[in-house]
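**Q** Okay, here's the structure, questions in a sec.
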Amino acid sequence: MLHQQQPLTAARTRDLAVLYRELRLAAGGPRFVRLTGEPWSGKSRLLRQLAATAHKEGWTVASGRLPRAGRTRPFEVVADALDDHLARADGTLFERLGEARTRALAPVLPALATLPGAGERPDPGAVVRALRVLLGLLGERGTLFVLDDVHRAGPEVLDLLDHLVRHPPQGPVLTVFAHRAVPGGRHLAAVPYDAPGVRHLALGPLPAADARALLPAGTPPLAAELVLRDAAGVPGLLHALARGAAPGPSFHATAELATGIPPVLAPDSIDLHTLSSLGWRCACAAALLGDPFTAAALAHTAGVPVEHALAGLDELHAEGLVRPEGAAGTRFCFVRPAVRALVHHASGAGWRSAALGRALEALRAEAAAGTGRSAPGAGPQDGREESREEGPEEGPEGGDAGAAGARRTLAAHLEHAAGIGLEDIRALALSARGGLYTRPARSAAALRRVMAVGPVPVEVRLLLNKALVLSGRLEEAVRGYEETGPRSHEDRLPGGRTDTAVWQARALRWSGRHAQARSVLDGDGGLPPGGPAADAERAALALEPWAGADPEEARAAAERALRTAPADDPGARAHAYALLAAACAAAGDGESARAAADGAHALLARTGEPERAAHLEALRWLGAAETGLGEPERGGRHVERGLAAALEHGQAHLAGLLALGLAEAALAAGDTEGARSRIRLAAALAEQTAVPALADAAREAERRTGAHATGAPDTSRLSLLSERERIVTGLVGEGRTNQQIAARLDISVKTVETYMSRIFKKLGMNSRTQVAHVVGLSANIR
């Protein structure tokens, strides 16, 4: 699976150095290393390199591996390691070993098949004791004894390892045994994990820099980010995904890999040849079902008895491919969503077509059992009425976790189903509502499927518009709001006109139509929307650098949003605090900005993942505030978190805005190349979402990185300032606060704030750091 022509990363080089050190120490006496890691983390490659080095240095290398799961002969992995050596050995080795020990080994080692005792039933205890002595005699310089993938070995091999730890071989022997780390509990319980003589080397995911270094040259920016995200630092998985990265896949949330028909990530699948035929069949059925799945649904989909499905699940768990979900352990999911996606496509279209009907039967039954309703039979019209009763709104998917999981996996299949009924529509609507912020594109697809049945409530149309905004399909969302109209539903929906106006304004703001967004928030001839969400959107619009930032207007709106945000909604309060921090920083009020930023940070630390997913833009403004306060590294960390979450959840356009925010922080920190890489990502997301305003912003940011790289200041912008504004700008460049500037020029602080607002608008900036940097460059040129 791993490509040997690829150089080792820095992290794996350090891991290999640990193994080399153990080899050197073993020259003075027996040593033991336990090597663990998830599938494709690089265990076998490290063992091969260790073996190659040991061989060059004169060690006798006995390396064995079980190539396939399922029934094996006793001590098969040991025979794979030792058989060639024994076949070449002369009589002196067996003389030193002794007749009794040689006879004990004959039944399990094919190289000894002609010796007395070969046809006898092996005595596991005698075999273990004989192997201990044999390892001490095998090599003159020393013996490297390697057993790979021992999670597939029988209990007699675990007994051997236990015996070798408690009774080490005589002489220079390094024993290394490797197995997959299985999530959800300890594996290979018979192995003495905590024995003082066993060195445990656990291969974790690669650091981000190491993983990025493995990407092929020329990988498109968006494709690179998605590969890095989906591979999660697993080298072998990264290699598989990178082969399908060019020219760049469609943008998708991680959750979209876990259910339904996932995007094709690579032209060929990962290496799963070690699975038995039952294990492979169960893996394909599990991948078709999607996460999470039950053993009963797996058995029905695979077309095998439940006891066989349980045996297949045991194998998949032992291989580190699936894990139990939740405390009850009645449901399972793939350890990595990308693995599920790769297995899904590797299963073959023909098999999937035949098994899909069985999967739908199982999922419908589980969804019906979880809601207490009888499974399907009602017609589409009944389904529309039922959807009207519950109303697909943001929030939990409803019911117990098991039923919610069944509805989610069922809904992903129903997006493409030919005919759907009452319970199918309910599953689609609830799944769309629950996944609005974490899988918006999938939510939009589910709602479109509901709308294809016939007339639907306006709630469904409005929820579809929200999903389109979040997934970056802004033009479709704008048209959707124009078609529904903010008054077509009056105030009977949760949030009423305010909710619709806020989302319509957000779609317009993100697409660069700032005047239209302001018109919507001003009421457009009717009553302007009120409440914390509307005030937060007003603050965001006033902070947009491309809309002519007005820090004072933003500050007033953010303060109103903070006063009225519900005390039990930490996400909304954190968003308001972040907006207030950004506004205060832009206005030069560092003390207030710091207090608001600390408040936002504390609240965000308390919010759960669903709440954070609903307020990811708060991290954009928090990062802008920290950068404006002269702490771009800290600001960059906030924006980096937001960018990672936006990429994770498929919030495409927001990911582009966050990428630009990260570029601003990098520029303020003097990292021009880092800024350029994030600008390229923003440009790729602009192309993906077809938003010209984001593309224009990325080009403008790129132009400014060119100014940083060449040292040429943006004199055209500075020339827009009045004489008084230039004086104020010069004092900002000296690092003076608004209070200090007011004292120097003998004017009020309010007047300085007015000047700063005009300067930000004319320069197209939203932080004092940006202004100071341009002033500094201009001074250097002169």
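Each chain in the structure tokens gets a letter, A, B and so on, in the order shown; residues start at 1 in every chain, and ligands are counted from 1 in the order they appear.
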Contacts of Glu664 of chain A at 9 Å or less, counting only C-alpha atoms, minus same-chain residues fewer than 5 places along, as a PyMOL selection string?

**A** chain A and resi 624+627+632+636+659+669+675+701+770

**Q** As a ChimeraX atom specification, please: every residue in segment 39-172 of chain A that DSSP puts in helix (DSSP H, G or I).

**A** /A:43-56,76-88,91-97,99-105,110-112,124-138,150-152,155-166

**Q** Which residues, written as a list in words, have at least one atom at most 8 Å from Val146 of chain A, with only C-alpha atoms counted and residues fewer than 5 positions away on the same chain left out?

**A**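 Contacts, with the query itself left out: Leu47, Val61, Ala62, Ser63, Gly64, Ala81, Thr175, Val176 and Phe177 of chain A.
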
**Q** Which of these residues is nearest to Gly142 of chain A, using only C-alpha atoms: A:Pro110, A:Pro39, A:Gly29, A:Pro220?

**A**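 Of the candidates, the smallest distance to Gly142 of chain A is held by A:Gly29.
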
**Q** Enumerate the residues of segment 44-276 of chain A with a DSSP assignment of strand (DSSP E or B), computed from the backbone, and present them as an MDAnalysis selection string.

**A** chainID A and resid 60:65 143:148 173:180 198:203

**Q** Using C-alpha atoms, can you export the residues from the last selection as a compact mmCIF listing (two decimals), in the first residue's frame?

**A**
# COMPACT_ATOMS: atom_id res chain seq x y z
CA THR A 60 19.95 -12.73 10.92
CA VAL A 61 16.52 -11.42 9.98
CA ALA A 62 13.52 -13.70 10.50
CA SER A 63 10.42 -11.78 9.41
CA GLY A 64 6.95 -13.25 9.12
CA ARG A 65 3.54 -11.93 8.21
CA THR A 143 18.66 -12.16 15.43
CA LEU A 144 15.90 -9.73 14.44
CA PHE A 145 12.63 -11.61 14.90
CA VAL A 146 9.71 -9.72 13.32
CA LEU A 147 6.06 -10.77 13.42
CA ASP A 148 3.78 -8.44 11.47
CA VAL A 173 17.70 -10.94 19.94
CA LEU A 174 15.34 -8.09 19.05
CA THR A 175 11.73 -9.22 18.87
CA VAL A 176 9.34 -6.82 17.16
CA PHE A 177 5.66 -7.63 16.91
CA ALA A 178 3.24 -5.33 15.10
CA HIS A 179 -0.52 -5.22 15.07
CA ARG A 180 -3.28 -2.82 14.18
CA VAL A 198 8.48 -4.06 26.11
CA ARG A 199 8.96 -0.77 24.26
CA HIS A 200 5.66 0.42 22.80
CA LEU A 201 5.97 2.44 19.61
CA ALA A 202 2.56 3.79 18.57
CA LEU A 203 2.29 5.33 15.10

**Q** At a cut-off of 9 Å, using only C-alpha atoms, what residues contact segment 87-100 of chain A? Leave out same-chain residues fewer than 6 positions from it and give the result as a PDB file with N, CA and C atoms, in the first residue's frame.

**A**
ATOM      1  N   PRO A 110       7.284 -26.312   8.162  1.00  0.00           N
ATOM      2  CA  PRO A 110       7.379 -27.155   6.955  1.00  0.00           C
ATOM      3  C   PRO A 110       8.813 -27.530   6.603  1.00  0.00           C
ATOM      4  N   ALA A 111       9.792 -26.704   6.935  1.00  0.00           N
ATOM      5  CA  ALA A 111      11.183 -27.031   6.611  1.00  0.00           C
ATOM      6  C   ALA A 111      11.656 -28.282   7.333  1.00  0.00           C
ATOM      7  N   LEU A 112      10.959 -28.665   8.410  1.00  0.00           N
ATOM      8  CA  LEU A 112      11.340 -29.843   9.195  1.00  0.00           C
ATOM      9  C   LEU A 112      10.415 -31.016   8.926  1.00  0.00           C
ATOM     10  N   ALA A 130      10.664 -24.391  22.681  1.00  0.00           N
ATOM     11  CA  ALA A 130      11.694 -24.688  21.684  1.00  0.00           C
ATOM     12  C   ALA A 130      12.017 -23.453  20.845  1.00  0.00           C
ATOM     13  N   VAL A 133      14.482 -21.068  22.571  1.00  0.00           N
ATOM     14  CA  VAL A 133      15.876 -21.497  22.479  1.00  0.00           C
ATOM     15  C   VAL A 133      16.396 -21.288  21.056  1.00  0.00           C
ATOM     16  N   LEU A 134      15.559 -21.618  20.055  1.00  0.00           N
ATOM     17  CA  LEU A 134      15.969 -21.486  18.659  1.00  0.00           C
ATOM     18  C   LEU A 134      16.361 -20.047  18.333  1.00  0.00           C
ATOM     19  N   LEU A 137      19.813 -19.174  19.182  1.00  0.00           N
ATOM     20  CA  LEU A 137      20.864 -19.879  18.456  1.00  0.00           C
ATOM     21  C   LEU A 137      20.944 -19.478  16.985  1.00  0.00           C
ATOM     22  N   LEU A 138      19.937 -18.771  16.489  1.00  0.00           N
ATOM     23  CA  LEU A 138      19.775 -18.632  15.046  1.00  0.00           C
ATOM     24  C   LEU A 138      20.867 -17.778  14.405  1.00  0.00           C
TER      25      LEU A 138
END

**Q** Tell me, counting only C-alpha atoms, for each residue of segment 243-332 of chain A within 9 Å of segment 424-438 of chain A, which pair of atoms is nearest and how far apart they are in Å to one decimal, in rows ordered by chain and increasing number, as a tab-separated table.

**A**
residue	atom	partner	partner_atom	distance
A:Ala253	CA	A:Thr438	CA	7.3
A:Thr254	CA	A:Thr438	CA	8.5
A:Ala255	CA	A:Thr438	CA	7.1

**Q** Residues within 9 Å of Gly661 of chain A, please, as a list of chain:residue names. Count only C-alpha atoms; anything in the same chain fewer than 6 positions from it doesn't count.

**A**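 Here the qualifying residues turn out to be A:Arg620, A:Trp621, A:Gly623, A:Ala624, A:Gly636, A:Val639, A:Glu640, A:Arg678.
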
**Q** Near Arg612 of chain A, counting only C-alpha atoms, which residues have an atom at most 12 Å away, once you skip same-chain residues fewer than 6 positions from it, shown as JSON, numbers by chain?

**A** {"A": [437, 438, 569, 570, 571, 572, 573, 574, 575, 600, 601, 603, 604, 605, 606, 618, 619, 641, 642, 645, 646, 649]}

**Q** Considering only C-alpha atoms, return as number ranges by chain whatever protein or nucleic-acid residues lie within 9 Å of Pro292 of chain A, sequence-local ones (same chain, fewer than 4 positions apart) excluded.

**A** A: 258-259, 286, 324-325, 331-334, 402, 405-406, 408-409

**Q** Keeping N, CA and C atoms for every residue in the selection just given, could you write it to a file as a CSV table (one decimal), in the first residue's frame?

**A**
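Output saved as selection-v1.csv:
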chain,number,residue,atom,x,y,z
A,258,ALA,N,-19.8,9.5,4.7
A,258,ALA,CA,-20.2,8.4,5.6
A,258,ALA,C,-21.6,7.8,5.2
A,259,THR,N,-22.4,8.5,4.4
A,259,THR,CA,-23.7,8.0,4.1
A,259,THR,C,-24.0,8.2,2.6
A,286,ALA,N,-21.6,-3.0,4.7
A,286,ALA,CA,-21.5,-1.9,5.6
A,286,ALA,C,-21.3,-0.6,4.9
A,324,PRO,N,-17.4,0.3,17.3
A,324,PRO,CA,-18.8,0.5,17.8
A,324,PRO,C,-19.0,2.0,18.0
A,325,GLU,N,-20.3,2.4,17.8
A,325,GLU,CA,-20.7,3.8,17.9
A,325,GLU,C,-21.6,3.9,19.2
A,331,ARG,N,-24.5,-0.3,17.4
A,331,ARG,CA,-24.3,0.2,16.1
A,331,ARG,C,-22.8,0.4,15.8
A,332,PHE,N,-22.5,0.4,14.5
A,332,PHE,CA,-21.1,0.4,14.1
A,332,PHE,C,-20.9,1.5,13.0
A,333,CYS,N,-19.7,1.9,12.9
A,333,CYS,CA,-19.4,2.8,11.8
A,333,CYS,C,-17.9,2.6,11.4
A,334,PHE,N,-17.6,3.1,10.2
A,334,PHE,CA,-16.2,3.0,9.8
A,334,PHE,C,-15.3,3.9,10.6
A,402,GLY,N,-30.4,6.1,17.9
A,402,GLY,CA,-30.5,5.0,17.0
A,402,GLY,C,-31.4,5.3,15.8
A,405,GLY,N,-29.9,7.9,13.6
A,405,GLY,CA,-28.9,7.4,12.7
A,405,GLY,C,-29.5,6.6,11.5
A,406,ALA,N,-30.5,5.8,11.8
A,406,ALA,CA,-31.2,5.1,10.8
A,406,ALA,C,-31.9,6.0,9.8
A,408,ARG,N,-30.9,9.0,9.1
A,408,ARG,CA,-29.9,9.7,8.3
A,408,ARG,C,-29.3,8.8,7.2
A,409,THR,N,-29.0,7.6,7.5
A,409,THR,CA,-28.5,6.7,6.5
A,409,THR,C,-29.6,6.4,5.5

**Q** Kindly give the distance, in Å, that separates atom CA of Leu543 of chain A and atom CA of Ala587 of chain A, rounded to a single decimal.

**A** 10.7 Å

**Q** One number please: atom CA of Leu164 of chain A to atom CA of Leu131 of chain A, in Å, one decimal.

**A**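 If I compute the distance from atom CA of Leu164 of chain A to atom CA of Leu131 of chain A, I get 9.1 Å.
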
**Q** Nearest to Glu38 of chain A: which of A:Tyr577, A:Gly588, A:Arg744, A:Leu206 is it, counting only C-alpha atoms?

**A** A:Leu206
